[in-house]
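**Student:** Pasting a structure below so you can have a look.
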Amino acid sequence: MELAAGFASTTRDDWRALALEVLRKSGVEAGSPEEALSRTTYDGLTVAPLYDLDDLPGDPGLPGAPPYVRGSRAAAGWDVRQRHAVADPEAVLADLENGVTSLWLVVGDGAIPVESLPTVMKDVLLDLAPVVLEAGRATAPAAQALFELAAARGVAPTGNLGASCVHGPAAAELAARCAAGFPGLRAVTVDATPYHDAGAADAEELGCSIARGVAELRALTGAGLSAEQAFGQIDFRYAATADQFATIAKLRAARRLWARVAEVCGVPEAGAQRQHAVTSSAMMTARDPWVNMLRTTVACFAAGVGGADAVTVQPFDACLGLPDDFARRIARNTQSLLLEESSLGRVIDPAGGSFYVERRTADLAEAAWAWFQEIEAAGGIDRAADLVAGRVAATRARRDDDIAHRRLPITGVSEFADPREKPVRRRPAPVPQAGELPRVRYAEPYERLRDLADARPERPTVFLATIGPLAAHTARATFAANLFQAGGLAVETAGPGADPEQIATAFAVSGSTVACLCSSDQLYDRHAAEVAAALRKAGARKVWLAGRGQYDGVDGAIHAGCDALAVLRETFDDLEVGR
């Protein structure tokens, strides 16, 4: 059966002609639809508005076979992994009894003490639930504690010990021990999330992870392991974000890259990269944290579709402190819903064959490989630390600029903020180990302003000088209120009317020193200068205008694409709110 039978065939040129006609009717002048509708990622990759058969990069292979683009294994579903950073055996057991299938334990440096591991895992069936350790320089004693606990129970542990050659020769020793006697246990984790958390783009995160993986390979083979054994001792950890297609492509590209490394090393069959995807810490918000549930749901979906072997959904309150029982329950149920009710656990590589996904996977892999080669040319990941930090800082600066201008909106923070929201409080969580790169959250600049506004005895207020009837000023008044509320500021409106004196009287009653004119361009031409003058006479220190016009007495304009953070900081200064 031909599904397209009965439909007229079309070409990309047919689409271009129709799309260009629609764009011109919308007032968009461009030489082609691609010129008007394409966008560029932080990696410099072009995302086109349309993909077709001609965009396919070639045969991606089969699931479970080199180059492993379509999956490291020919099986559907993934391991539901939950993170624990405090010694709470009840919380661990609650997770395992309600859908979690493996544990990620943070040990040492204010987290779970090594000596508490037996208590934390007292009810854990180690032959059924893999355990992944994150212990930094305490990896050796933490691994020994796991070995001893498993031996006492007569079982062989599975999971990963979380070692790294960064922390000394223990990684190679543990890898040799695992390779010799524990086939279900790996020794080394290449954690790419610090690069993501510092602001790296996807290709940068991938390139750094492959460079780190190659450094681990060199250390392991230098200690006597064969290349095949060394590949079998390494897991990779990546961040999954709410940009679902970017995450899907990133995980698929990561497997392609690692398969290429194995091919060059002469062991192509050992190149199946085992992946642990973790929902992004950088995208989480402390304000309106309930929206984090939506972010992590999309990220988990993308990680599963992208072929991750294990997925950790961070609780929605993770950036606030220790997650409570409800947050942990939502986190694990998110995965259960996607696996069981949405049936994602029944499909292998559902994105495979998509013109867009396959092209983006290939483009991302190419960009990441070029970055990896640049790191290697600089002497490897350790010697290239300054190169990596500089590249990541440049990407972070571009993203920060987009966030400031709200080209990259953050729901509940830079957009649709509620200044009356009561902050969610949690018990303090262990502070993560400091690394060479900074840890950032995208929402922090706005949230710092919100904190300052909340700390005032009375919330600072901006007066919206609405001019004319509701129909004339509502759209821009709503826009202005949304912008100022993103900084935690309250707004008061003048209401309908165009009399400058009445508007100035309402401004004086508000007690504010900052006003923003809100109306249509037509009414601005008739009233803006007079209203601005009246506001000045009533004590206005700063007069903004919602729109793009320039009028006497108006200090600046706010509009879509303006630097919202700069406007807010300037407004805080005018309101004498210390920063």
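Residue numbers start at 1 in each chain; chains themselves are named A, B, ... in the order of the structure tokens; ligands are numbered from 1 in the order shown.
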Residues within 9 Å of A:Glu366, please, as a ChimeraX atom specification. Count only C-alpha atoms; anything in the same chain fewer than 6 positions from it doesn't count.
**Tutor:** /A:203,253,257
**Student:** Give the alpha helix (DSSP H) residues of stretch 114-267 of chain A, as assigned by DSSP on the backbone, as a PDB file with C-alpha atoms, in the first residue's frame.
**Tutor:**
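Output file part-v5.pdb is given in full below:
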```
ATOM      1  CA  LEU A 117      26.846   3.303  53.165  1.00  0.00           C
ATOM      2  CA  PRO A 118      25.901  -0.006  54.846  1.00  0.00           C
ATOM      3  CA  THR A 119      23.074   1.785  56.669  1.00  0.00           C
ATOM      4  CA  VAL A 120      21.844   3.564  53.550  1.00  0.00           C
ATOM      5  CA  THR A 139      35.985   6.872  45.613  1.00  0.00           C
ATOM      6  CA  ALA A 140      38.449   4.207  46.781  1.00  0.00           C
ATOM      7  CA  PRO A 141      37.037   3.791  50.316  1.00  0.00           C
ATOM      8  CA  ALA A 142      33.455   4.105  49.036  1.00  0.00           C
ATOM      9  CA  ALA A 143      34.081   1.393  46.446  1.00  0.00           C
ATOM     10  CA  GLN A 144      35.669  -0.823  49.079  1.00  0.00           C
ATOM     11  CA  ALA A 145      32.624  -0.377  51.313  1.00  0.00           C
ATOM     12  CA  LEU A 146      30.375  -1.459  48.415  1.00  0.00           C
ATOM     13  CA  PHE A 147      32.562  -4.498  47.692  1.00  0.00           C
ATOM     14  CA  GLU A 148      32.511  -5.532  51.353  1.00  0.00           C
ATOM     15  CA  LEU A 149      28.751  -5.097  51.661  1.00  0.00           C
ATOM     16  CA  ALA A 150      28.132  -7.183  48.551  1.00  0.00           C
ATOM     17  CA  ALA A 151      30.557  -9.872  49.698  1.00  0.00           C
ATOM     18  CA  ALA A 152      28.839 -10.088  53.081  1.00  0.00           C
ATOM     19  CA  ARG A 153      25.558 -10.774  51.286  1.00  0.00           C
ATOM     20  CA  ALA A 170      42.702   4.306  42.054  1.00  0.00           C
ATOM     21  CA  ALA A 171      40.581   4.408  38.901  1.00  0.00           C
ATOM     22  CA  ALA A 172      42.854   2.018  37.035  1.00  0.00           C
ATOM     23  CA  GLU A 173      43.125  -0.299  40.043  1.00  0.00           C
ATOM     24  CA  LEU A 174      39.349  -0.418  40.442  1.00  0.00           C
ATOM     25  CA  ALA A 175      38.879  -0.951  36.698  1.00  0.00           C
ATOM     26  CA  ALA A 176      41.251  -3.906  36.751  1.00  0.00           C
ATOM     27  CA  ARG A 177      39.382  -5.375  39.712  1.00  0.00           C
ATOM     28  CA  CYS A 178      36.002  -4.937  38.007  1.00  0.00           C
ATOM     29  CA  ALA A 179      37.225  -6.355  34.706  1.00  0.00           C
ATOM     30  CA  ALA A 180      38.677  -9.398  36.453  1.00  0.00           C
ATOM     31  CA  GLY A 181      35.805 -10.391  38.705  1.00  0.00           C
ATOM     32  CA  THR A 193      27.377  17.685  33.269  1.00  0.00           C
ATOM     33  CA  PRO A 194      29.974  20.090  34.764  1.00  0.00           C
ATOM     34  CA  TYR A 195      30.537  21.461  31.261  1.00  0.00           C
ATOM     35  CA  HIS A 196      26.816  21.844  30.700  1.00  0.00           C
ATOM     36  CA  ASP A 197      26.325  23.401  34.144  1.00  0.00           C
ATOM     37  CA  ASP A 202      25.807  20.734  23.233  1.00  0.00           C
ATOM     38  CA  ALA A 203      28.760  20.203  20.871  1.00  0.00           C
ATOM     39  CA  GLU A 204      31.099  21.607  23.522  1.00  0.00           C
ATOM     40  CA  GLU A 205      29.691  19.240  26.132  1.00  0.00           C
ATOM     41  CA  LEU A 206      30.078  16.310  23.750  1.00  0.00           C
ATOM     42  CA  GLY A 207      33.586  17.220  22.631  1.00  0.00           C
ATOM     43  CA  CYS A 208      34.759  17.641  26.216  1.00  0.00           C
ATOM     44  CA  SER A 209      33.212  14.324  27.215  1.00  0.00           C
ATOM     45  CA  ILE A 210      34.925  12.450  24.390  1.00  0.00           C
ATOM     46  CA  ALA A 211      38.231  14.116  25.248  1.00  0.00           C
ATOM     47  CA  ARG A 212      37.791  13.106  28.892  1.00  0.00           C
ATOM     48  CA  GLY A 213      36.840   9.598  27.793  1.00  0.00           C
ATOM     49  CA  VAL A 214      39.997   9.321  25.700  1.00  0.00           C
ATOM     50  CA  ALA A 215      42.054  10.492  28.690  1.00  0.00           C
ATOM     51  CA  GLU A 216      40.469   7.742  30.771  1.00  0.00           C
ATOM     52  CA  LEU A 217      41.242   5.199  28.037  1.00  0.00           C
ATOM     53  CA  ARG A 218      44.878   6.233  28.021  1.00  0.00           C
ATOM     54  CA  ALA A 219      45.087   5.892  31.797  1.00  0.00           C
ATOM     55  CA  LEU A 220      43.410   2.477  31.818  1.00  0.00           C
ATOM     56  CA  THR A 221      45.380   0.975  28.941  1.00  0.00           C
ATOM     57  CA  GLY A 222      48.559   2.471  30.404  1.00  0.00           C
ATOM     58  CA  ALA A 227      41.544  -1.532  24.815  1.00  0.00           C
ATOM     59  CA  GLU A 228      38.428  -3.685  24.865  1.00  0.00           C
ATOM     60  CA  GLN A 229      38.522  -3.959  28.662  1.00  0.00           C
ATOM     61  CA  ALA A 230      39.072  -0.223  29.012  1.00  0.00           C
ATOM     62  CA  PHE A 231      36.044   0.612  26.860  1.00  0.00           C
ATOM     63  CA  GLN A 244      13.802  17.942  23.323  1.00  0.00           C
ATOM     64  CA  PHE A 245      15.261  17.693  19.821  1.00  0.00           C
ATOM     65  CA  ALA A 246      18.627  19.059  20.959  1.00  0.00           C
ATOM     66  CA  THR A 247      18.758  16.414  23.701  1.00  0.00           C
ATOM     67  CA  ILE A 248      17.704  13.591  21.391  1.00  0.00           C
ATOM     68  CA  ALA A 249      20.360  14.564  18.864  1.00  0.00           C
ATOM     69  CA  LYS A 250      23.011  15.018  21.549  1.00  0.00           C
ATOM     70  CA  LEU A 251      22.649  11.516  22.951  1.00  0.00           C
ATOM     71  CA  ARG A 252      22.593   9.952  19.494  1.00  0.00           C
ATOM     72  CA  ALA A 253      25.631  11.983  18.429  1.00  0.00           C
ATOM     73  CA  ALA A 254      27.497  11.019  21.609  1.00  0.00           C
ATOM     74  CA  ARG A 255      27.187   7.338  20.740  1.00  0.00           C
ATOM     75  CA  ARG A 256      28.382   8.012  17.203  1.00  0.00           C
ATOM     76  CA  LEU A 257      31.439   9.861  18.508  1.00  0.00           C
ATOM     77  CA  TRP A 258      32.422   7.181  21.006  1.00  0.00           C
ATOM     78  CA  ALA A 259      31.927   4.504  18.361  1.00  0.00           C
ATOM     79  CA  ARG A 260      34.373   6.394  16.168  1.00  0.00           C
ATOM     80  CA  VAL A 261      36.927   6.418  18.989  1.00  0.00           C
ATOM     81  CA  ALA A 262      36.517   2.643  19.375  1.00  0.00           C
ATOM     82  CA  GLU A 263      36.889   2.199  15.628  1.00  0.00           C
ATOM     83  CA  VAL A 264      40.145   4.152  15.618  1.00  0.00           C
TER      84      VAL A 264
END
```
**Student:** List the spatial neighbours of A:Leu338 as a ChimeraX atom specification - criterion: any atom at most 10 Å away, only C-alpha atoms, same-chain residues fewer than 2 positions off excluded.
**Tutor:** /A:77,297,300-301,304,333-336,340-345
**Student:** If we count only C-alpha atoms and set the cut-off at 7 Å, which residues sit around stretch 385-389 of chain A, ignoring sequence neighbours fewer than 4 positions away in its own chain? Please answer as number ranges by chain.
**Tutor:** A: 381, 393, 437
**Student:** Which polymer residues have any atom within 9 Å of an atom of A:Ala566, counting only C-alpha atoms, with same-chain residues fewer than 5 positions away left out, as a list in words?
**Tutor:**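 Result of the neighbour search: Ala404, His405 and Thr571 of chain A.
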**Student:** Give me the residues within 7 Å of stretch 278-287 of chain A as a ChimeraX atom specification, counting only C-alpha atoms and dropping any in the same chain fewer than 2 places off.
**Tutor:** /A:197,238-241,276,289,292,296,299-300,311-314,319-320,412-413,423,440-443,447
**Student:** Atom CA of A:Val132 to atom CA of A:Asp95: how many Å, to one decimal?
**Tutor:**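 These two atoms are separated by 14.9 Å.
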**Student:** Within 8 Å of A:Pro500, counting only C-alpha atoms, which residues qualify if same-chain residues fewer than 4 places away don't, as a list of chain:residue names?
**Tutor:**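 Neighbouring residues, sequence-local ones excluded: A:Ala504, A:His527, A:Glu530, A:Val531, A:Ala534, A:Leu535.
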**Student:** Could you check the closest approach to A:Asp552 for each of A:Val514, A:Thr395, A:Pro89, A:Ala532 and tell me which residue wins, using only C-alpha atoms?
**Tutor:** A:Ala532
**Student:** As an exercise, work out the distance from atom CA of A:Arg407 to atom CA of A:Cys518 in Å and give it to one decimal place.
**Tutor:** 22.0 Å
